[in-house]
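Data file: protein_18.tsv. Format and content: TSV, C-alpha atoms.
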```tsv
chain	number	residue	atom	x	y	z
A	1	MET	CA	14.52	27.48	64.51
A	2	GLY	CA	14.31	26.47	68.08
A	3	ASP	CA	16.40	23.87	69.81
A	4	CYS	CA	13.83	21.38	70.80
A	5	GLY	CA	14.90	17.90	69.74
A	6	HIS	CA	11.72	16.63	68.30
A	7	CYS	CA	11.29	19.21	65.57
A	8	ARG	CA	14.70	19.64	63.97
A	9	THR	CA	14.21	17.67	60.79
A	10	PRO	CA	12.86	19.86	57.98
A	11	PHE	CA	10.52	18.08	55.64
A	12	VAL	CA	9.19	18.74	52.23
A	13	VAL	CA	5.64	18.83	51.12
A	14	SER	CA	4.29	19.54	47.69
A	15	ASP	CA	1.48	21.90	46.99
A	16	GLY	CA	-0.57	19.11	45.45
A	17	ALA	CA	-0.96	15.36	45.59
A	18	VAL	CA	1.47	13.51	43.34
A	19	ALA	CA	0.38	10.22	41.84
A	20	GLY	CA	2.55	7.14	41.65
A	21	GLU	CA	5.45	6.32	39.41
A	22	GLY	CA	4.45	6.31	35.75
A	23	GLU	CA	0.90	7.41	36.50
A	24	PRO	CA	-0.52	10.55	34.89
A	25	GLY	CA	0.19	13.25	37.40
A	26	GLY	CA	2.85	11.06	38.92
A	27	THR	CA	6.59	10.83	38.69
A	28	LEU	CA	8.83	9.49	35.99
A	29	PRO	CA	9.48	5.75	36.19
A	30	ALA	CA	12.94	4.34	36.66
A	31	GLY	CA	14.95	3.84	33.50
A	32	VAL	CA	15.91	0.31	32.52
A	33	VAL	CA	17.98	0.32	29.35
A	34	SER	CA	19.67	3.21	27.57
A	35	ASP	CA	17.83	4.63	24.59
A	36	THR	CA	14.44	3.30	25.58
A	37	PHE	CA	11.65	5.85	25.54
A	38	LEU	CA	8.51	6.39	27.58
A	39	GLN	CA	5.49	4.68	26.11
A	40	TRP	CA	1.88	4.64	27.30
A	41	ASN	CA	0.67	1.09	27.96
A	42	GLY	CA	-2.91	2.12	28.55
A	43	VAL	CA	-2.44	2.60	32.29
A	44	LEU	CA	1.08	3.83	32.91
A	45	TRP	CA	3.96	5.55	31.20
A	46	VAL	CA	6.53	2.76	31.03
A	47	PRO	CA	10.01	2.36	29.53
A	48	SER	CA	9.66	0.91	26.03
A	49	THR	CA	10.72	-2.67	25.42
A	50	TRP	CA	12.92	-1.64	22.49
A	51	VAL	CA	15.36	1.14	21.80
A	52	LEU	CA	15.55	3.99	19.30
A	53	PRO	CA	18.79	5.42	17.95
A	54	GLU	CA	20.25	7.88	20.40
A	55	GLU	CA	20.86	10.49	17.71
A	56	VAL	CA	20.26	11.27	14.05
A	57	GLN	CA	23.21	12.55	12.06
A	58	GLY	CA	23.74	14.06	8.63
A	59	GLY	CA	24.96	10.69	7.44
A	60	ASP	CA	21.54	9.25	8.22
A	61	VAL	CA	19.78	11.37	5.59
A	62	ASP	CA	17.48	9.15	3.49
A	63	ASN	CA	17.94	6.24	5.89
A	64	VAL	CA	14.88	4.54	7.34
A	65	LEU	CA	14.27	3.27	10.84
A	66	THR	CA	14.97	-0.44	10.59
A	67	VAL	CA	14.83	-3.30	13.06
A	68	ASP	CA	18.39	-4.56	13.47
A	69	GLY	CA	17.77	-7.23	16.08
A	70	ALA	CA	15.61	-8.10	19.04
A	71	ASN	CA	14.49	-4.94	20.86
A	72	SER	CA	16.74	-2.76	18.72
A	73	SER	CA	16.43	-0.36	15.80
A	74	ALA	CA	18.79	1.80	13.78
A	75	PHE	CA	18.68	4.16	10.83
A	76	GLU	CA	19.84	2.19	7.80
A	77	PRO	CA	19.78	2.71	4.02
A	78	PRO	CA	16.41	1.75	2.51
A	79	PRO	CA	16.26	-1.71	1.00
A	80	VAL	CA	17.38	-1.93	-2.61
A	81	ILE	CA	15.48	-3.95	-5.17
A	82	THR	CA	18.06	-6.00	-7.02
A	83	GLY	CA	18.22	-9.01	-9.28
A	84	ASP	CA	15.86	-9.89	-12.08
A	85	ASP	CA	12.95	-7.50	-12.37
A	86	PHE	CA	9.63	-7.95	-14.09
A	87	PHE	CA	7.30	-5.32	-15.44
A	88	HIS	CA	3.58	-5.80	-16.01
A	89	LEU	CA	2.45	-4.81	-19.52
A	90	ALA	CA	-1.29	-4.72	-20.28
A	91	TYR	CA	-3.44	-3.99	-23.32
A	92	GLY	CA	-7.22	-3.94	-23.73
A	93	ALA	CA	-10.29	-2.75	-25.60
A	94	LEU	CA	-14.05	-2.90	-25.53
A	95	GLN	CA	-14.38	-4.34	-29.00
A	96	VAL	CA	-12.30	-6.30	-31.49
A	97	ASN	CA	-13.00	-5.35	-35.09
A	98	THR	CA	-12.64	-7.35	-38.28
A	99	GLY	CA	-9.38	-7.49	-40.15
A	100	THR	CA	-5.93	-7.01	-38.70
A	101	GLN	CA	-6.29	-4.74	-35.68
A	102	PHE	CA	-4.23	-3.62	-32.71
A	103	VAL	CA	-5.19	-3.36	-29.05
A	104	PRO	CA	-4.35	-0.11	-27.24
A	105	PRO	CA	-2.02	-0.35	-24.27
A	106	TRP	CA	-3.24	-0.01	-20.69
A	107	CYS	CA	-6.83	-0.86	-21.73
A	108	SER	CA	-9.59	1.11	-23.31
A	109	PRO	CA	-12.97	0.02	-21.96
A	110	ALA	CA	-14.86	2.43	-24.19
A	111	GLY	CA	-12.76	1.94	-27.30
A	112	THR	CA	-12.17	-0.55	-30.05
A	113	THR	CA	-9.15	-2.13	-31.57
A	114	ILE	CA	-7.59	0.01	-34.24
A	115	PRO	CA	-6.30	-1.01	-37.66
A	116	ASN	CA	-2.76	0.32	-37.75
A	117	ASN	CA	-0.30	2.78	-36.30
A	118	ALA	CA	-1.18	1.26	-32.98
A	119	PRO	CA	0.28	3.09	-30.03
A	120	GLY	CA	2.75	0.75	-28.47
A	121	ILE	CA	4.65	0.47	-25.28
A	122	VAL	CA	8.29	1.31	-25.82
A	123	ALA	CA	10.72	-1.05	-24.13
A	124	PRO	CA	12.60	1.07	-21.58
A	125	PHE	CA	15.48	-1.43	-21.42
A	126	ASN	CA	16.76	-4.67	-22.93
A	127	GLY	CA	14.87	-7.73	-21.83
A	128	THR	CA	12.45	-10.48	-22.76
A	129	LEU	CA	8.68	-10.72	-23.16
A	130	HIS	CA	6.92	-13.80	-21.80
A	131	THR	CA	4.12	-15.15	-19.58
A	132	MET	CA	1.17	-13.98	-21.69
A	133	TYR	CA	-2.47	-14.19	-20.56
A	134	VAL	CA	-5.65	-13.19	-22.40
A	135	THR	CA	-9.22	-12.91	-21.09
A	136	HIS	CA	-12.55	-11.88	-22.60
A	137	GLY	CA	-14.81	-9.84	-20.34
A	138	SER	CA	-17.94	-10.30	-22.46
A	139	PRO	CA	-17.81	-13.54	-24.47
A	140	VAL	CA	-19.94	-13.49	-27.60
A	141	ALA	CA	-20.27	-15.42	-30.91
A	142	ALA	CA	-17.67	-18.05	-31.80
A	143	ASP	CA	-14.69	-16.61	-33.62
A	144	ASN	CA	-11.19	-17.81	-32.93
A	145	ILE	CA	-9.31	-14.62	-32.15
A	146	THR	CA	-5.54	-14.77	-32.26
A	147	TYR	CA	-3.63	-12.24	-30.15
A	148	THR	CA	0.00	-11.78	-31.23
A	149	VAL	CA	2.68	-9.70	-29.57
A	150	MET	CA	4.48	-7.61	-32.19
A	151	VAL	CA	7.94	-6.12	-31.80
A	152	ASN	CA	8.68	-3.24	-34.15
A	153	ASP	CA	5.64	-4.31	-36.20
A	154	VAL	CA	6.96	-7.84	-36.66
A	155	ALA	CA	4.91	-10.75	-35.34
A	156	THR	CA	6.53	-12.87	-32.66
A	157	ALA	CA	5.83	-16.36	-31.39
A	158	LEU	CA	4.31	-14.92	-28.24
A	159	ALA	CA	0.68	-15.41	-29.22
A	160	VAL	CA	-2.49	-17.13	-28.06
A	161	THR	CA	-5.89	-17.90	-29.54
A	162	LEU	CA	-9.08	-17.48	-27.53
A	163	ASN	CA	-12.50	-18.17	-28.95
A	164	SER	CA	-14.78	-15.16	-28.69
A	165	SER	CA	-17.35	-17.35	-26.92
A	166	ALA	CA	-14.95	-18.04	-24.04
A	167	SER	CA	-13.81	-15.87	-21.18
A	168	GLY	CA	-10.46	-17.59	-20.73
A	169	PRO	CA	-7.94	-17.02	-19.42
A	170	VAL	CA	-5.66	-18.62	-21.98
A	171	SER	CA	-1.94	-18.33	-21.71
A	172	ASN	CA	1.35	-18.71	-23.52
A	173	LEU	CA	3.93	-19.63	-20.93
A	174	VAL	CA	6.38	-21.11	-23.44
A	175	ASN	CA	7.66	-18.47	-25.82
A	176	VAL	CA	10.27	-15.92	-24.74
A	177	ILE	CA	10.90	-12.94	-27.02
A	178	ALA	CA	13.96	-10.71	-26.80
A	179	VAL	CA	13.50	-6.96	-26.96
A	180	ALA	CA	15.96	-4.09	-26.92
A	181	THR	CA	15.65	-0.59	-25.55
A	182	ASP	CA	13.22	1.53	-27.61
A	183	ASP	CA	11.60	-1.43	-29.35
A	184	LYS	CA	7.90	-0.83	-29.97
A	185	ILE	CA	5.69	-3.49	-28.41
A	186	THR	CA	2.14	-3.86	-29.75
A	187	VAL	CA	-0.58	-6.53	-29.75
A	188	ARG	CA	-2.31	-7.59	-32.97
A	189	THR	CA	-5.71	-9.27	-33.29
A	190	GLN	CA	-6.89	-11.40	-36.21
A	191	GLY	CA	-9.72	-13.83	-36.85
A	192	VAL	CA	-13.02	-12.13	-36.08
A	193	ALA	CA	-15.84	-12.57	-38.61
A	194	ALA	CA	-17.67	-9.48	-37.38
A	195	ASN	CA	-16.94	-6.81	-34.83
A	196	ARG	CA	-17.10	-8.41	-31.39
A	197	ALA	CA	-17.46	-6.53	-28.11
A	198	VAL	CA	-15.62	-9.18	-26.14
A	199	ARG	CA	-13.60	-6.80	-23.96
A	200	PRO	CA	-10.19	-8.45	-24.44
A	201	ARG	CA	-7.47	-7.97	-21.84
A	202	ILE	CA	-3.94	-8.99	-22.77
A	203	GLN	CA	-1.17	-9.08	-20.19
A	204	PHE	CA	2.42	-10.24	-20.21
A	205	LEU	CA	5.73	-9.66	-18.51
A	206	LEU	CA	8.74	-7.66	-19.62
A	207	GLU	CA	11.72	-9.12	-17.80
A	208	ALA	CA	14.80	-6.94	-17.59
A	209	ALA	CA	17.93	-8.49	-19.08
B	210	MET	CA	7.91	26.21	73.67
B	211	ASP	CA	9.71	28.41	71.22
B	212	CYS	CA	10.34	26.00	68.41
B	213	SER	CA	8.19	26.15	65.34
B	214	THR	CA	7.75	23.45	62.74
B	215	PRO	CA	9.89	24.24	59.71
B	216	ILE	CA	8.04	23.63	56.49
B	217	GLN	CA	9.71	24.02	53.13
B	218	GLN	CA	7.24	24.40	50.35
B	219	GLN	CA	8.16	22.85	47.02
B	220	SER	CA	6.08	23.41	43.97
B	221	VAL	CA	5.57	20.51	41.56
B	222	GLY	CA	4.75	21.58	38.02
B	223	SER	CA	1.67	20.61	36.14
B	224	PRO	CA	1.47	17.41	34.10
B	225	GLY	CA	3.73	17.56	31.08
B	226	GLN	CA	5.60	20.64	32.19
B	227	PRO	CA	9.35	20.31	32.45
B	228	GLY	CA	9.84	19.68	36.16
B	229	GLY	CA	6.23	18.64	36.40
B	230	THR	CA	4.43	15.39	36.56
B	231	LEU	CA	3.60	12.91	33.83
B	232	PRO	CA	0.75	13.89	31.52
B	233	ALA	CA	-2.36	11.86	30.89
B	234	GLY	CA	-1.97	8.98	28.50
B	235	GLY	CA	-2.89	9.10	24.84
B	236	ASP	CA	-3.53	6.23	22.50
B	237	GLN	CA	-2.04	3.00	23.76
B	238	TRP	CA	1.66	2.73	22.78
B	239	SER	CA	1.98	6.43	22.09
B	240	PHE	CA	5.16	7.95	23.49
B	241	LEU	CA	6.09	11.24	25.10
B	242	GLN	CA	7.08	14.05	22.79
B	243	PHE	CA	7.86	17.67	23.63
B	244	ASN	CA	5.59	20.10	21.77
B	245	GLY	CA	7.65	23.16	22.63
B	246	THR	CA	5.84	23.75	25.88
B	247	LEU	CA	4.77	20.42	27.29
B	248	TRP	CA	5.55	16.74	27.11
B	249	VAL	CA	2.52	15.27	25.36
B	250	PRO	CA	1.44	11.88	24.01
B	251	SER	CA	2.49	11.37	20.39
B	252	TRP	CA	1.50	9.00	17.63
B	253	VAL	CA	1.64	5.24	18.18
B	254	MET	CA	4.80	3.15	17.92
B	255	PRO	CA	5.13	-0.64	18.00
B	256	GLU	CA	4.91	-2.20	21.45
B	257	THR	CA	7.66	-4.73	20.82
B	258	VAL	CA	10.51	-5.43	18.42
B	259	THR	CA	11.55	-9.03	17.96
B	260	ALA	CA	14.46	-10.70	16.23
B	261	LEU	CA	12.03	-12.09	13.65
B	262	GLU	CA	11.36	-8.51	12.57
B	263	THR	CA	14.99	-7.79	11.74
B	264	GLY	CA	15.13	-5.85	8.48
B	265	GLU	CA	11.61	-4.51	8.81
B	266	VAL	CA	11.15	-0.76	8.64
B	267	LEU	CA	8.91	1.64	10.51
B	268	LEU	CA	6.02	2.55	8.26
B	269	VAL	CA	3.02	4.80	8.72
B	270	THR	CA	0.00	2.51	8.45
B	271	ASP	CA	-2.85	4.79	9.49
B	272	ASP	CA	-3.58	8.17	11.01
B	273	SER	CA	-1.24	8.52	13.99
B	274	VAL	CA	-0.06	4.92	13.76
B	275	ALA	CA	3.28	3.48	12.67
B	276	ALA	CA	4.06	-0.21	12.48
B	277	LEU	CA	6.97	-2.40	11.47
B	278	GLN	CA	6.63	-3.80	7.99
B	279	ASP	CA	8.67	-5.83	5.55
B	280	PRO	CA	9.83	-3.35	2.95
B	281	ILE	CA	8.17	-3.92	-0.39
B	282	GLY	CA	10.32	-6.15	-2.55
B	283	LYS	CA	10.37	-6.86	-6.26
B	284	SER	CA	6.85	-6.19	-7.46
B	285	LEU	CA	4.52	-5.81	-10.40
B	286	LEU	CA	2.26	-2.76	-10.44
B	287	TYR	CA	-1.48	-3.27	-10.84
B	288	ARG	CA	-3.99	-0.47	-11.23
B	289	ASN	CA	-7.77	-0.15	-11.48
B	290	GLY	CA	-9.97	2.87	-11.99
B	291	ALA	CA	-13.36	4.31	-12.89
B	292	ASN	CA	-15.02	7.71	-13.23
B	293	LEU	CA	-18.45	6.74	-11.91
B	294	LEU	CA	-19.71	4.48	-9.14
B	295	SER	CA	-23.22	3.45	-8.16
B	296	SER	CA	-24.96	0.71	-6.22
B	297	THR	CA	-24.55	-1.55	-9.26
B	298	ALA	CA	-21.52	-0.06	-11.04
B	299	ILE	CA	-19.04	-1.44	-8.56
B	300	TRP	CA	-16.21	-3.18	-10.44
B	301	LEU	CA	-13.29	-0.95	-11.35
B	302	HIS	CA	-11.66	-1.33	-14.73
B	303	GLN	CA	-8.15	-2.48	-15.15
B	304	TRP	CA	-5.74	0.44	-15.51
B	305	THR	CA	-8.10	3.14	-16.73
B	306	TYR	CA	-10.61	5.45	-15.07
B	307	ALA	CA	-12.04	6.79	-18.33
B	308	SER	CA	-15.44	5.13	-17.90
B	309	GLY	CA	-17.87	4.14	-15.20
B	310	ALA	CA	-17.36	1.05	-13.13
B	311	SER	CA	-18.94	-2.15	-14.43
B	312	ALA	CA	-21.68	-4.34	-13.04
B	313	THR	CA	-19.58	-7.49	-13.31
B	314	ALA	CA	-15.97	-8.27	-12.61
B	315	ALA	CA	-15.54	-9.93	-15.98
B	316	GLU	CA	-16.81	-6.89	-17.85
B	317	ALA	CA	-14.40	-4.68	-15.94
B	318	GLY	CA	-11.59	-6.98	-16.96
B	319	PHE	CA	-9.63	-9.30	-14.76
B	320	ALA	CA	-6.02	-8.65	-14.02
B	321	VAL	CA	-4.05	-11.88	-14.07
B	322	ALA	CA	-1.44	-12.68	-11.47
B	323	LEU	CA	1.62	-13.01	-13.68
B	324	ARG	CA	3.76	-14.48	-10.90
B	325	ASP	CA	3.27	-16.29	-7.62
B	326	GLY	CA	3.48	-13.83	-4.77
B	327	ASN	CA	1.57	-11.55	-2.45
B	328	LEU	CA	-0.75	-8.67	-3.18
B	329	ARG	CA	0.19	-5.74	-0.94
B	330	TRP	CA	0.07	-1.99	-0.46
B	331	LEU	CA	-3.34	-0.92	-1.71
B	332	VAL	CA	-3.47	2.84	-2.29
B	333	VAL	CA	-6.74	4.50	-3.37
B	334	SER	CA	-7.23	8.13	-4.31
B	335	HIS	CA	-10.02	10.26	-5.76
B	336	SER	CA	-8.90	12.88	-8.25
B	337	SER	CA	-12.34	14.49	-8.26
B	338	THR	CA	-14.67	14.29	-5.32
B	339	VAL	CA	-18.32	14.55	-4.42
B	340	VAL	CA	-19.90	14.44	-1.00
B	341	HIS	CA	-21.73	11.18	-0.66
B	342	ALA	CA	-20.56	8.27	1.41
B	343	ASP	CA	-17.75	6.07	2.52
B	344	ILE	CA	-16.65	3.81	-0.31
B	345	THR	CA	-14.92	0.57	0.59
B	346	TYR	CA	-12.48	-0.75	-1.98
B	347	THR	CA	-11.72	-4.46	-1.80
B	348	VAL	CA	-9.30	-6.54	-3.83
B	349	VAL	CA	-11.00	-9.73	-4.98
B	350	VAL	CA	-9.09	-12.85	-6.07
B	351	ASN	CA	-10.87	-15.55	-8.07
B	352	GLY	CA	-14.19	-14.08	-6.95
B	353	VAL	CA	-13.35	-14.13	-3.24
B	354	ASP	CA	-12.97	-10.97	-1.16
B	355	THR	CA	-9.54	-10.54	0.40
B	356	ALA	CA	-8.33	-8.61	3.42
B	357	LEU	CA	-6.64	-6.10	1.12
B	358	SER	CA	-9.18	-3.34	1.49
B	359	THR	CA	-9.53	0.30	2.42
B	360	THR	CA	-12.29	2.87	2.82
B	361	LEU	CA	-12.27	6.40	1.44
B	362	ASN	CA	-15.11	8.89	1.65
B	363	SER	CA	-16.20	10.09	-1.78
B	364	GLY	CA	-15.73	13.65	-0.55
B	365	SER	CA	-12.05	13.08	0.14
B	366	ARG	CA	-9.14	12.80	-2.23
B	367	GLY	CA	-7.26	10.50	0.06
B	368	PRO	CA	-5.14	8.58	-0.40
B	369	ALA	CA	-6.52	5.76	1.69
B	370	LEU	CA	-4.10	2.96	2.38
B	371	ASP	CA	-3.93	-0.65	3.35
B	372	LEU	CA	-0.25	-1.26	3.91
B	373	LEU	CA	-0.77	-4.11	6.35
B	374	SER	CA	-2.69	-6.83	4.55
B	375	VAL	CA	-0.75	-9.47	2.63
B	376	VAL	CA	-2.77	-11.62	0.24
B	377	PRO	CA	-1.07	-14.64	-1.37
B	378	VAL	CA	-1.76	-15.35	-5.05
B	379	VAL	CA	-0.51	-17.89	-7.55
B	380	GLN	CA	0.22	-17.31	-11.19
B	381	GLY	CA	-2.99	-17.29	-13.20
B	382	ASP	CA	-5.26	-16.06	-10.40
B	383	LEU	CA	-7.84	-13.52	-11.55
B	384	ILE	CA	-7.72	-10.22	-9.68
B	385	SER	CA	-10.49	-7.61	-9.49
B	386	LEU	CA	-11.25	-4.55	-7.42
B	387	ARG	CA	-14.75	-3.76	-6.13
B	388	ALA	CA	-16.14	-0.50	-4.71
B	389	ASP	CA	-19.03	-0.77	-2.24
B	390	GLY	CA	-20.96	2.04	-0.61
B	391	ALA	CA	-22.43	4.20	-3.36
B	392	THR	CA	-26.23	4.31	-3.10
B	393	SER	CA	-26.71	6.44	-6.20
B	394	ASN	CA	-24.57	7.55	-9.10
B	395	ILE	CA	-21.37	9.21	-7.93
B	396	THR	CA	-19.26	10.92	-10.54
B	397	LEU	CA	-15.76	10.85	-9.25
B	398	ARG	CA	-12.45	9.64	-10.56
B	399	VAL	CA	-10.93	6.86	-8.55
B	400	GLY	CA	-7.56	5.24	-9.08
B	401	ALA	CA	-6.34	2.27	-7.08
B	402	ASN	CA	-2.82	0.89	-7.14
B	403	PHE	CA	-1.50	-2.25	-5.56
B	404	PHE	CA	1.52	-4.45	-5.96
B	405	LEU	CA	2.09	-8.10	-6.67
B	406	GLU	CA	5.25	-8.76	-4.72
B	407	TYR	CA	7.05	-11.82	-6.07
```

Would you give me this structure, written as structure tokens?
Amino acid sequence: MGDCGHCRTPFVVSDGAVAGEGEPGGTLPAGVVSDTFLQWNGVLWVPSTWVLPEEVQGGDVDNVLTVDGANSSAFEPPPVITGDDFFHLAYGALQVNTGTQFVPPWCSPAGTTIPNNAPGIVAPFNGTLHTMYVTHGSPVAADNITYTVMVNDVATALAVTLNSSASGPVSNLVNVIAVATDDKITVRTQGVAANRAVRPRIQFLLEAA
Amino acid sequence: MDCSTPIQQQSVGSPGQPGGTLPAGGDQWSFLQFNGTLWVPSWVMPETVTALETGEVLLVTDDSVAALQDPIGKSLLYRNGANLLSSTAIWLHQWTYASGASATAAEAGFAVALRDGNLRWLVVSHSSTVVHADITYTVVVNGVDTALSTTLNSGSRGPALDLLSVVPVVQGDLISLRADGATSNITLRVGANFFLEY
């Protein structure tokens, strides 16, 4: 290098044009808050407005990313469902036949009620049965059909009557029936003068004790 | 004059390269992720996090999209199904998929809301498939379409999800599920689950 005064300062040039801060092809923007990340706002790469955990450790296994305050998140245990729990039990058939019959669980749109040895739903825990609703999908004729919840083949007070000419719903929101683990829960029908393709649907709650 | 202009060349790497410049943007609110070679746009994260969202969790809500959601709470499971759809066989049966969909909601069987609460988290899958068309599955309450809806092509097993919509119901409401989009008979097995969160 020579000694002339006007050319002593070395300068740097790139081998290509560099766009502005945060722009594609440009330079990284300034950081603002620790643990933010770069996020694309549609025009620029910008620091996020919220933070992610700085690290993930073995103790975080099975944790989920959870908001723990304004602009902040952390890995925390997943929420636990606690307290009283309800389970939706449903029965149904295409047709209700004469005599004492039983409705298969979880519906049977192509089937009929059956006379005995009805497959039931086995109570998986102690609890109570209540909040019963019945509908008819295809009302026909005019028979009063009584739907009764049975526990271990014994009729309970959880029952409703719906005329075969009506679609319902009808409900029994009064009676509460105790059940124990492994009790068999079935639904009986009585009252039809002839086989009726009314498409009954019977639903009620099993509430855990 | 014997001085020469000193020039120091510095090479700036390509977009996304370590030491390089920022890459092009991706979907809005994607973030930068290293793919082993380059920094590239990722899937989409929420734009903001507010105090009102405390306790919410990050949930995948669509392809390449995650959003903050209230975790599902105490819920009743509801399910509808059918093994055939057509332009008129559109109402899925409660619980089973052992027969074709029905022409009316009543015939398919209403599910009754057994508690007050919100219908959430619709998940639809096809266990057998046939190339045909996009089928839109919509939860209907008391005969009115709700926002709880998702679309799944009949040639895909899915699942297709709607984890965002929240539909309030009161005890006794009648709930159905309709499938629109089949222009001729489609033999496929569809199952749709959703929750009544109470």

Next on the checklist: Which residues are near Val149 of chain A? Cut-off 6 Å, only C-alpha atoms, ignore same chain within fewer than 2 positions. Put them as a ChimeraX atom specification.
Outcome noted: /A:156,158,186-187

Item to check | atom CA of Leu405 of chain B to atom CA of Leu173 of chain A, straight-line distance in Å | outcome: 18.4 Å

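Closest approach to Asn402 of chain B from the set B:Ala356, B:Ala310, B:Leu331, B:Val376 is made by B:Leu331, with distances taken over all atoms listed in the file.
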
Checklist entry - When you draw a straight line from atom CA of Leu65 of chain A to atom CA of Trp45 of chain A, how long is it in Å? => result 22.9 Å

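Around the coordinate (2.6, 2.0, 41.2), residues that reach within 12 Å when counting all atoms listed in the file are Val18, Ala19, Gly20, Glu21, Gly22, Glu23, Pro24, Gly26, Thr27, Leu28, Pro29, Ala30, Val43, Leu44, Trp45 and Val46 of chain A.
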
Item to check | Who sits within 9 Å of Pro368 of chain B, only C-alpha atoms, same chain under 3 positions skipped, as a ChimeraX atom specification | outcome: /B:332-335,361,365

Which residues come within 7 Å of segment 223-225 of chain B, counting only C-alpha atoms, excluding same-chain residues fewer than 2 positions away, as a tab-separated table (two decimals) with C-alpha atoms, keeping the file's coordinate frame?
```
chain	number	residue	atom	x	y	z
A	25	GLY	CA	0.19	13.25	37.40
B	221	VAL	CA	5.57	20.51	41.56
B	227	PRO	CA	9.35	20.31	32.45
B	229	GLY	CA	6.23	18.64	36.40
B	230	THR	CA	4.43	15.39	36.56
B	231	LEU	CA	3.60	12.91	33.83
B	232	PRO	CA	0.75	13.89	31.52
B	247	LEU	CA	4.77	20.42	27.29
B	248	TRP	CA	5.55	16.74	27.11
B	249	VAL	CA	2.52	15.27	25.36
```

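Among A:Asn126, A:Asn41, A:Asn97, A:Thr36, the residue with the shortest atom-to-atom distance to chain B, counting all atoms listed in the file, is A:Asn41.
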
Next on the checklist: Residues near Leu301 of chain B, anyone? I mean within 12 Å using only C-alpha atoms, not counting same-chain ones fewer than 3 positions away, as an NGL selection string.
Outcome noted: (:A and (109)) or (:B and (288-295 or 297-298 or 304-320 or 333 or 346-349 or 384-389 or 398-402))

Selection above as a file: C-alpha atoms, as a JSON list (two decimals), keeping the file's coordinate frame:
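The resulting file, result.json, is reproduced below:
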```json
[["chain", "number", "residue", "atom", "x", "y", "z"],
["A", 109, "PRO", "CA", -12.97, 0.02, -21.96],
["B", 288, "ARG", "CA", -3.99, -0.47, -11.23],
["B", 289, "ASN", "CA", -7.77, -0.15, -11.48],
["B", 290, "GLY", "CA", -9.97, 2.87, -11.99],
["B", 291, "ALA", "CA", -13.36, 4.31, -12.89],
["B", 292, "ASN", "CA", -15.02, 7.71, -13.23],
["B", 293, "LEU", "CA", -18.45, 6.74, -11.91],
["B", 294, "LEU", "CA", -19.71, 4.48, -9.14],
["B", 295, "SER", "CA", -23.22, 3.45, -8.16],
["B", 297, "THR", "CA", -24.55, -1.55, -9.26],
["B", 298, "ALA", "CA", -21.52, -0.06, -11.04],
["B", 304, "TRP", "CA", -5.74, 0.44, -15.51],
["B", 305, "THR", "CA", -8.10, 3.14, -16.73],
["B", 306, "TYR", "CA", -10.61, 5.45, -15.07],
["B", 307, "ALA", "CA", -12.04, 6.79, -18.33],
["B", 308, "SER", "CA", -15.44, 5.13, -17.90],
["B", 309, "GLY", "CA", -17.87, 4.14, -15.20],
["B", 310, "ALA", "CA", -17.36, 1.05, -13.13],
["B", 311, "SER", "CA", -18.94, -2.15, -14.43],
["B", 312, "ALA", "CA", -21.68, -4.34, -13.04],
["B", 313, "THR", "CA", -19.58, -7.49, -13.31],
["B", 314, "ALA", "CA", -15.97, -8.27, -12.61],
["B", 315, "ALA", "CA", -15.54, -9.93, -15.98],
["B", 316, "GLU", "CA", -16.81, -6.89, -17.85],
["B", 317, "ALA", "CA", -14.40, -4.68, -15.94],
["B", 318, "GLY", "CA", -11.59, -6.98, -16.96],
["B", 319, "PHE", "CA", -9.63, -9.30, -14.76],
["B", 320, "ALA", "CA", -6.02, -8.65, -14.02],
["B", 333, "VAL", "CA", -6.74, 4.50, -3.37],
["B", 346, "TYR", "CA", -12.48, -0.75, -1.98],
["B", 347, "THR", "CA", -11.72, -4.46, -1.80],
["B", 348, "VAL", "CA", -9.30, -6.54, -3.83],
["B", 349, "VAL", "CA", -11.00, -9.73, -4.98],
["B", 384, "ILE", "CA", -7.72, -10.22, -9.68],
["B", 385, "SER", "CA", -10.49, -7.61, -9.49],
["B", 386, "LEU", "CA", -11.25, -4.55, -7.42],
["B", 387, "ARG", "CA", -14.75, -3.76, -6.13],
["B", 388, "ALA", "CA", -16.14, -0.50, -4.71],
["B", 389, "ASP", "CA", -19.03, -0.77, -2.24],
["B", 398, "ARG", "CA", -12.45, 9.64, -10.56],
["B", 399, "VAL", "CA", -10.93, 6.86, -8.55],
["B", 400, "GLY", "CA", -7.56, 5.24, -9.08],
["B", 401, "ALA", "CA", -6.34, 2.27, -7.08],
["B", 402, "ASN", "CA", -2.82, 0.89, -7.14]]
```

Checklist entry - Mind listing as a PyMOL selection string all residues within 10 Å of (4.9, 8.3, 18.2), counting only C-alpha atoms? => result (chain A and resi 39) or (chain B and resi 236+238-242+250-255+273-275)

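Atom CA of Gln190 of chain A lies 10.9 Å from atom CA of Val103 of chain A.
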
Item to check | Nearby residues (all atoms listed in the file) at most 6 Å from Gln380 of chain B, same-chain spacing under 4 positions excluded, as a PyMOL selection string | outcome: chain B and resi 322-325

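Residue nearest chain A within the list B:Gly228, B:Gly245, B:Gly234, B:Gly390: B:Gly234 [criterion: smallest interatomic distance, all atoms listed in the file].
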
Item to check | Pick from A:Val64, A:Val170, A:Ile202, A:Ala142, whichever lies nearest to Pro78 of chain A using only C-alpha atoms | outcome: A:Val64

May I have the centre and edge lengths, in Å to one decimal, of an axis-aligned box around the listed atoms of segment 147-163 of chain A with 5 Å added to every side, as JSON?
```
{"center_x": -1.9, "center_y": -10.7, "center_z": -32.1, "size_x": 31.2, "size_y": 24.9, "size_z": 19.1}
```
